[in-house]
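Report on one structure; see the data block that follows.
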Amino acid sequence: DRTATEDAVERLAQRAGGLHAVVNAAGIDACGPLDKVGADDWERVIHVNLLGTASVVRAALPHLEASRGTVVDCASTLGVRALPHATAYCASKAGVMGFTRALAAETAGRIGVTLLVPGGMDTAFFDDRPDAYRPGADARLNPPEYVAQAVVFALGQPPGCEVRELVVCPSEEASWP
């Protein structure tokens, strides 16, 4: 919901006295063959993962320019290497990659922009999925704190220095590259 996003970002900026960083880490999925996933479910993935990311950045941009702040957008290794039955997720995360790269070019010298590409994460993301769409018992997944450390690293760069792209995945990640 773009309007709700804009309102929430503005309220936060007012309460915090501005914004110095934004981290977009939205990620939902609608698993299954393209012709079996409902159109509303498929489009919701695009809306949350891609358009939600863009809405947050658009709303935060004036505040980030004022503070010379930083955006960190989380894509996924599945934005690079696609899997079947994940068309919406792969498309949305590939879109986040393109959006973030274009944003970095567009805002160069005004704000910092980092594209974070995490691999499989050990989070609740997989909890409500059928077994066919869950990582196997032997899957190597990163704990969220590893990716959080990468975000802190990206945000901790001195002014004028950016980590433009950062892949964070287990050493045995099957989806990279």
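Each chain in the structure tokens gets a letter, A, B, ..., in the order shown, and its residues are numbered from 1; ligands are numbered from 1 in order too.
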Find the residues around Ala150 in chain A up to 10 Å (only C-alpha atoms counted), leave out those fewer than 4 positions away in its own chain, and share them as a ChimeraX atom specification. /A:116,118,145-146,154-156,166-168
Output file for the selection above: N, CA, C and O atoms, as a compact mmCIF listing (two decimals), in the first residue's frame:
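File result_1.txt, as written:
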# COMPACT_ATOMS: atom_id res chain seq x y z
N LEU A 116 22.09 -5.84 -1.54
CA LEU A 116 22.44 -7.01 -0.75
C LEU A 116 21.75 -8.22 -1.35
O LEU A 116 20.54 -8.20 -1.58
N PRO A 118 21.26 -11.88 -0.45
CA PRO A 118 21.42 -13.01 0.46
C PRO A 118 21.00 -14.32 -0.20
O PRO A 118 20.11 -14.35 -1.05
N GLU A 145 21.41 -13.26 11.67
CA GLU A 145 22.43 -12.35 12.20
C GLU A 145 23.64 -12.21 11.26
O GLU A 145 24.31 -11.18 11.28
N TYR A 146 23.90 -13.20 10.43
CA TYR A 146 25.01 -13.07 9.47
C TYR A 146 24.69 -12.00 8.43
O TYR A 146 25.55 -11.20 8.05
N ALA A 154 27.75 -2.58 5.45
CA ALA A 154 27.42 -1.67 4.35
C ALA A 154 27.11 -0.27 4.88
O ALA A 154 27.56 0.73 4.32
N LEU A 155 26.38 -0.20 5.97
CA LEU A 155 26.00 1.10 6.54
C LEU A 155 27.17 1.80 7.23
O LEU A 155 27.13 3.01 7.43
N GLY A 156 28.21 1.05 7.57
CA GLY A 156 29.34 1.61 8.31
C GLY A 156 30.45 2.18 7.46
O GLY A 156 31.49 2.58 7.99
N LEU A 166 26.72 -6.81 -2.50
CA LEU A 166 27.26 -7.71 -1.50
C LEU A 166 26.43 -8.99 -1.50
O LEU A 166 25.22 -8.95 -1.29
N VAL A 167 27.08 -10.12 -1.80
CA VAL A 167 26.41 -11.43 -1.76
C VAL A 167 26.79 -12.09 -0.44
O VAL A 167 27.97 -12.15 -0.09
N VAL A 168 25.78 -12.54 0.30
CA VAL A 168 26.00 -13.19 1.59
C VAL A 168 25.25 -14.52 1.56
O VAL A 168 24.02 -14.54 1.51
Exercise: Glu65 in chain A partners within 12 Å, only C-alpha atoms, chain neighbours under 2 positions left out, as JSON, numbers by chain: {"A": [18, 19, 20, 21, 22, 57, 58, 59, 60, 61, 62, 63, 67, 68, 69, 70, 71, 107, 108, 109, 110, 111, 112, 113]}
Of the candidates A:Val96, A:Leu64, A:Val72, A:Cys161, which one gets nearest to Gly17 in chain A if we count only C-alpha atoms? A:Leu64
Set the distance at 12 Å and use only C-alpha atoms: which residues neighbour Val45 in chain A once local chain neighbours fewer than 5 positions away are removed? I'd like the list as a list in words. Ala26, Gly27, Ile28, Asp29, Ala30, Cys31, Val37, Gly38, Ala39, Asp40, Leu50, Leu51, Gly52, Thr53, Ala86, Thr87, Ala88, Tyr89, Cys90, Ala91, Ser92, Lys93 and Gly95 of chain A
Next, dump the selected residues to file, keeping only N, CA and C atoms, as a PDB file, in the first residue's frame.
ATOM      1  N   ALA A  26      11.897  -6.851   2.484  1.00  0.00           N
ATOM      2  CA  ALA A  26      10.623  -7.542   2.286  1.00  0.00           C
ATOM      3  C   ALA A  26      10.825  -8.784   1.440  1.00  0.00           C
ATOM      4  N   GLY A  27      10.114  -9.835   1.784  1.00  0.00           N
ATOM      5  CA  GLY A  27      10.191 -11.046   0.986  1.00  0.00           C
ATOM      6  C   GLY A  27       9.038 -11.978   1.269  1.00  0.00           C
ATOM      7  N   ILE A  28       8.137 -12.125   0.284  1.00  0.00           N
ATOM      8  CA  ILE A  28       7.085 -13.120   0.354  1.00  0.00           C
ATOM      9  C   ILE A  28       7.150 -13.921  -0.940  1.00  0.00           C
ATOM     10  N   ASP A  29       6.441 -15.027  -0.987  1.00  0.00           N
ATOM     11  CA  ASP A  29       6.458 -15.876  -2.172  1.00  0.00           C
ATOM     12  C   ASP A  29       5.084 -16.492  -2.369  1.00  0.00           C
ATOM     13  N   ALA A  30       4.834 -16.968  -3.558  1.00  0.00           N
ATOM     14  CA  ALA A  30       3.650 -17.739  -3.910  1.00  0.00           C
ATOM     15  C   ALA A  30       4.157 -18.887  -4.778  1.00  0.00           C
ATOM     16  N   CYS A  31       4.418 -20.018  -4.144  1.00  0.00           N
ATOM     17  CA  CYS A  31       5.067 -21.142  -4.829  1.00  0.00           C
ATOM     18  C   CYS A  31       4.093 -21.935  -5.684  1.00  0.00           C
ATOM     19  N   VAL A  37      -0.619 -20.827  -9.779  1.00  0.00           N
ATOM     20  CA  VAL A  37      -0.622 -19.785  -8.752  1.00  0.00           C
ATOM     21  C   VAL A  37      -1.649 -18.735  -9.165  1.00  0.00           C
ATOM     22  N   GLY A  38      -2.544 -18.394  -8.255  1.00  0.00           N
ATOM     23  CA  GLY A  38      -3.563 -17.396  -8.555  1.00  0.00           C
ATOM     24  C   GLY A  38      -2.932 -16.071  -8.940  1.00  0.00           C
ATOM     25  N   ALA A  39      -3.556 -15.374  -9.876  1.00  0.00           N
ATOM     26  CA  ALA A  39      -3.016 -14.097 -10.360  1.00  0.00           C
ATOM     27  C   ALA A  39      -2.881 -13.087  -9.218  1.00  0.00           C
ATOM     28  N   ASP A  40      -3.841 -13.038  -8.316  1.00  0.00           N
ATOM     29  CA  ASP A  40      -3.758 -12.097  -7.194  1.00  0.00           C
ATOM     30  C   ASP A  40      -2.572 -12.424  -6.296  1.00  0.00           C
ATOM     31  N   LEU A  50       8.912  -5.961  -4.820  1.00  0.00           N
ATOM     32  CA  LEU A  50       9.499  -4.966  -5.726  1.00  0.00           C
ATOM     33  C   LEU A  50       8.885  -3.580  -5.533  1.00  0.00           C
ATOM     34  N   LEU A  51       7.583  -3.475  -5.691  1.00  0.00           N
ATOM     35  CA  LEU A  51       6.957  -2.161  -5.596  1.00  0.00           C
ATOM     36  C   LEU A  51       7.016  -1.616  -4.172  1.00  0.00           C
ATOM     37  N   GLY A  52       6.966  -2.487  -3.171  1.00  0.00           N
ATOM     38  CA  GLY A  52       7.117  -2.042  -1.788  1.00  0.00           C
ATOM     39  C   GLY A  52       8.495  -1.458  -1.544  1.00  0.00           C
ATOM     40  N   THR A  53       9.514  -2.114  -2.081  1.00  0.00           N
ATOM     41  CA  THR A  53      10.881  -1.601  -1.969  1.00  0.00           C
ATOM     42  C   THR A  53      10.986  -0.220  -2.599  1.00  0.00           C
ATOM     43  N   ALA A  86       8.815 -20.655  -8.836  1.00  0.00           N
ATOM     44  CA  ALA A  86       9.088 -19.434  -8.066  1.00  0.00           C
ATOM     45  C   ALA A  86       9.136 -18.226  -8.998  1.00  0.00           C
ATOM     46  N   THR A  87       8.258 -18.204 -10.006  1.00  0.00           N
ATOM     47  CA  THR A  87       8.337 -17.146 -11.010  1.00  0.00           C
ATOM     48  C   THR A  87       8.134 -15.762 -10.415  1.00  0.00           C
ATOM     49  N   ALA A  88       7.174 -15.611  -9.529  1.00  0.00           N
ATOM     50  CA  ALA A  88       6.914 -14.285  -8.951  1.00  0.00           C
ATOM     51  C   ALA A  88       8.085 -13.845  -8.087  1.00  0.00           C
ATOM     52  N   TYR A  89       8.572 -14.744  -7.252  1.00  0.00           N
ATOM     53  CA  TYR A  89       9.678 -14.391  -6.358  1.00  0.00           C
ATOM     54  C   TYR A  89      10.932 -14.050  -7.160  1.00  0.00           C
ATOM     55  N   CYS A  90      11.274 -14.893  -8.118  1.00  0.00           N
ATOM     56  CA  CYS A  90      12.471 -14.649  -8.929  1.00  0.00           C
ATOM     57  C   CYS A  90      12.337 -13.349  -9.715  1.00  0.00           C
ATOM     58  N   ALA A  91      11.180 -13.114 -10.291  1.00  0.00           N
ATOM     59  CA  ALA A  91      10.966 -11.877 -11.050  1.00  0.00           C
ATOM     60  C   ALA A  91      11.053 -10.666 -10.141  1.00  0.00           C
ATOM     61  N   SER A  92      10.453 -10.759  -8.962  1.00  0.00           N
ATOM     62  CA  SER A  92      10.464  -9.605  -8.051  1.00  0.00           C
ATOM     63  C   SER A  92      11.874  -9.294  -7.566  1.00  0.00           C
ATOM     64  N   LYS A  93      12.651 -10.316  -7.247  1.00  0.00           N
ATOM     65  CA  LYS A  93      13.995 -10.077  -6.725  1.00  0.00           C
ATOM     66  C   LYS A  93      14.958  -9.653  -7.834  1.00  0.00           C
ATOM     67  N   GLY A  95      13.912  -7.820 -10.233  1.00  0.00           N
ATOM     68  CA  GLY A  95      13.486  -6.433 -10.339  1.00  0.00           C
ATOM     69  C   GLY A  95      14.127  -5.556  -9.277  1.00  0.00           C
TER      70      GLY A  95
END
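Neighbours of Val117 in chain A closer than or equal to 8 Å, with only C-alpha atoms counted and sequence neighbours fewer than 2 positions away skipped, come out as Cys74, Ala75, Ser76, Thr77, Leu115, Gly119, Glu165, Leu166, Val167 and Val168 of chain A.
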Generate the output file for the selected residues, N, CA and C atoms, as a PDB file, in the first residue's frame.
ATOM      1  N   CYS A  74      17.489  -5.526  -0.178  1.00  0.00           N
ATOM      2  CA  CYS A  74      17.752  -6.968  -0.192  1.00  0.00           C
ATOM      3  C   CYS A  74      17.052  -7.611  -1.383  1.00  0.00           C
ATOM      4  N   ALA A  75      17.840  -8.226  -2.221  1.00  0.00           N
ATOM      5  CA  ALA A  75      17.303  -9.020  -3.316  1.00  0.00           C
ATOM      6  C   ALA A  75      17.381 -10.481  -2.867  1.00  0.00           C
ATOM      7  N   SER A  76      17.928 -11.341  -3.674  1.00  0.00           N
ATOM      8  CA  SER A  76      18.073 -12.762  -3.352  1.00  0.00           C
ATOM      9  C   SER A  76      18.944 -13.397  -4.418  1.00  0.00           C
ATOM     10  N   THR A  77      19.619 -14.473  -4.040  1.00  0.00           N
ATOM     11  CA  THR A  77      20.344 -15.226  -5.058  1.00  0.00           C
ATOM     12  C   THR A  77      19.381 -15.753  -6.120  1.00  0.00           C
ATOM     13  N   LEU A 115      23.214  -2.976  -2.851  1.00  0.00           N
ATOM     14  CA  LEU A 115      22.385  -4.119  -3.213  1.00  0.00           C
ATOM     15  C   LEU A 115      22.909  -5.314  -2.429  1.00  0.00           C
ATOM     16  N   GLY A 119      21.655 -15.377   0.239  1.00  0.00           N
ATOM     17  CA  GLY A 119      21.240 -16.720  -0.145  1.00  0.00           C
ATOM     18  C   GLY A 119      20.215 -17.222   0.845  1.00  0.00           C
ATOM     19  N   GLU A 165      27.471  -3.744  -4.091  1.00  0.00           N
ATOM     20  CA  GLU A 165      26.792  -5.039  -4.124  1.00  0.00           C
ATOM     21  C   GLU A 165      27.509  -5.994  -3.193  1.00  0.00           C
ATOM     22  N   LEU A 166      26.716  -6.807  -2.501  1.00  0.00           N
ATOM     23  CA  LEU A 166      27.256  -7.709  -1.503  1.00  0.00           C
ATOM     24  C   LEU A 166      26.432  -8.987  -1.505  1.00  0.00           C
ATOM     25  N   VAL A 167      27.076 -10.124  -1.804  1.00  0.00           N
ATOM     26  CA  VAL A 167      26.415 -11.431  -1.762  1.00  0.00           C
ATOM     27  C   VAL A 167      26.791 -12.085  -0.439  1.00  0.00           C
ATOM     28  N   VAL A 168      25.782 -12.540   0.303  1.00  0.00           N
ATOM     29  CA  VAL A 168      26.005 -13.194   1.588  1.00  0.00           C
ATOM     30  C   VAL A 168      25.251 -14.517   1.559  1.00  0.00           C
TER      31      VAL A 168
END
Surrounding residues of Glu6 in chain A excluding itself and chain neighbours under 2 positions, 8 Å, only C-alpha atoms, as a PyMOL selection string: chain A and resi 2-4+8-10+55-56+59
Taking only range 59-136 of chain A into account, list the residues labelled strand (DSSP E or B) by DSSP (computed from the backbone), as a ChimeraX atom specification. /A:70-74,112-118,121
Go through range 28-104 of chain A and collect every residue that DSSP, computed from the backbone, puts in alpha helix (DSSP H); the answer should be as a ChimeraX atom specification. /A:39-46,52-67,87-104
Any chance you can output those residues with N, CA and C atoms as a short mmCIF file (atom, residue, chain, number, x, y, z; two decimals), in the first residue's frame?
data_model
loop_
_atom_site.label_atom_id
_atom_site.label_comp_id
_atom_site.auth_asym_id
_atom_site.auth_seq_id
_atom_site.Cartn_x
_atom_site.Cartn_y
_atom_site.Cartn_z
N ALA A 39 -3.56 -15.37 -9.88
CA ALA A 39 -3.02 -14.10 -10.36
C ALA A 39 -2.88 -13.09 -9.22
N ASP A 40 -3.84 -13.04 -8.32
CA ASP A 40 -3.76 -12.10 -7.19
C ASP A 40 -2.57 -12.42 -6.30
N ASP A 41 -2.34 -13.71 -6.02
CA ASP A 41 -1.21 -14.12 -5.19
C ASP A 41 0.11 -13.79 -5.88
N TRP A 42 0.18 -14.07 -7.19
CA TRP A 42 1.40 -13.80 -7.95
C TRP A 42 1.71 -12.30 -7.93
N GLU A 43 0.70 -11.49 -8.20
CA GLU A 43 0.90 -10.04 -8.24
C GLU A 43 1.22 -9.48 -6.85
N ARG A 44 0.69 -10.08 -5.80
CA ARG A 44 0.99 -9.60 -4.44
C ARG A 44 2.49 -9.74 -4.16
N VAL A 45 3.12 -10.81 -4.64
CA VAL A 45 4.56 -10.98 -4.46
C VAL A 45 5.31 -9.82 -5.13
N ILE A 46 4.93 -9.48 -6.34
CA ILE A 46 5.56 -8.36 -7.05
C ILE A 46 5.32 -7.06 -6.29
N GLY A 52 6.97 -2.49 -3.17
CA GLY A 52 7.12 -2.04 -1.79
C GLY A 52 8.50 -1.46 -1.54
N THR A 53 9.51 -2.11 -2.08
CA THR A 53 10.88 -1.60 -1.97
C THR A 53 10.99 -0.22 -2.60
N ALA A 54 10.45 -0.07 -3.80
CA ALA A 54 10.50 1.21 -4.49
C ALA A 54 9.71 2.27 -3.74
N SER A 55 8.57 1.91 -3.17
CA SER A 55 7.75 2.89 -2.44
C SER A 55 8.46 3.41 -1.21
N VAL A 56 9.13 2.52 -0.49
CA VAL A 56 9.88 2.95 0.70
C VAL A 56 10.99 3.90 0.29
N VAL A 57 11.75 3.54 -0.72
CA VAL A 57 12.86 4.40 -1.16
C VAL A 57 12.34 5.74 -1.65
N ARG A 58 11.29 5.72 -2.44
CA ARG A 58 10.73 6.97 -2.97
C ARG A 58 10.33 7.90 -1.82
N ALA A 59 9.68 7.35 -0.80
CA ALA A 59 9.23 8.16 0.34
C ALA A 59 10.41 8.64 1.19
N ALA A 60 11.44 7.83 1.30
CA ALA A 60 12.58 8.17 2.15
C ALA A 60 13.61 9.04 1.45
N LEU A 61 13.58 9.11 0.15
CA LEU A 61 14.63 9.78 -0.62
C LEU A 61 14.92 11.22 -0.18
N PRO A 62 13.93 12.07 0.01
CA PRO A 62 14.27 13.44 0.43
C PRO A 62 15.00 13.47 1.78
N HIS A 63 14.61 12.61 2.68
CA HIS A 63 15.26 12.55 4.00
C HIS A 63 16.68 12.01 3.89
N LEU A 64 16.86 11.00 3.05
CA LEU A 64 18.19 10.42 2.88
C LEU A 64 19.13 11.40 2.17
N GLU A 65 18.60 12.15 1.21
CA GLU A 65 19.44 13.16 0.54
C GLU A 65 19.86 14.24 1.53
N ALA A 66 18.97 14.60 2.43
CA ALA A 66 19.31 15.64 3.42
C ALA A 66 20.40 15.18 4.37
N SER A 67 20.42 13.88 4.69
CA SER A 67 21.42 13.34 5.63
C SER A 67 22.59 12.68 4.92
N THR A 87 8.26 -18.20 -10.01
CA THR A 87 8.34 -17.15 -11.01
C THR A 87 8.13 -15.76 -10.42
N ALA A 88 7.17 -15.61 -9.53
CA ALA A 88 6.91 -14.29 -8.95
C ALA A 88 8.09 -13.85 -8.09
N TYR A 89 8.57 -14.74 -7.25
CA TYR A 89 9.68 -14.39 -6.36
C TYR A 89 10.93 -14.05 -7.16
N CYS A 90 11.27 -14.89 -8.12
CA CYS A 90 12.47 -14.65 -8.93
C CYS A 90 12.34 -13.35 -9.72
N ALA A 91 11.18 -13.11 -10.29
CA ALA A 91 10.97 -11.88 -11.05
C ALA A 91 11.05 -10.67 -10.14
N SER A 92 10.45 -10.76 -8.96
CA SER A 92 10.46 -9.61 -8.05
C SER A 92 11.87 -9.29 -7.57
N LYS A 93 12.65 -10.32 -7.25
CA LYS A 93 14.00 -10.08 -6.72
C LYS A 93 14.96 -9.65 -7.83
N ALA A 94 14.75 -10.15 -9.05
CA ALA A 94 15.52 -9.64 -10.19
C ALA A 94 15.17 -8.17 -10.42
N GLY A 95 13.91 -7.82 -10.23
CA GLY A 95 13.49 -6.43 -10.34
C GLY A 95 14.13 -5.56 -9.28
N VAL A 96 14.23 -6.06 -8.05
CA VAL A 96 14.90 -5.32 -6.98
C VAL A 96 16.36 -5.07 -7.37
N MET A 97 16.99 -6.05 -7.99
CA MET A 97 18.38 -5.88 -8.42
C MET A 97 18.48 -4.75 -9.45
N GLY A 98 17.63 -4.77 -10.46
CA GLY A 98 17.66 -3.73 -11.48
C GLY A 98 17.31 -2.38 -10.92
N PHE A 99 16.29 -2.32 -10.07
CA PHE A 99 15.90 -1.06 -9.43
C PHE A 99 17.05 -0.48 -8.62
N THR A 100 17.70 -1.30 -7.82
CA THR A 100 18.75 -0.82 -6.94
C THR A 100 19.97 -0.36 -7.73
N ARG A 101 20.33 -1.08 -8.76
CA ARG A 101 21.45 -0.66 -9.60
C ARG A 101 21.15 0.68 -10.28
N ALA A 102 19.93 0.84 -10.78
CA ALA A 102 19.55 2.11 -11.41
C ALA A 102 19.50 3.23 -10.38
N LEU A 103 19.02 2.92 -9.18
CA LEU A 103 18.98 3.92 -8.11
C LEU A 103 20.39 4.39 -7.76
N ALA A 104 21.34 3.47 -7.70
CA ALA A 104 22.73 3.84 -7.39
C ALA A 104 23.27 4.79 -8.45
#
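Coordinates place CA of Lys36 in chain A at a distance of 25.8 Å from CA of Met121 in chain A.
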Residue among A:Leu78, A:Leu83, A:Leu141, A:Val151 lying closest to Arg164 in chain A, counting only C-alpha atoms: A:Val151
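One finds CA of Asp35 in chain A at 26.0 Å from CA of Ala124 in chain A.
Between CA of Asn24 in chain A and CA of Pro130 in chain A lies a distance of 26.4 Å.
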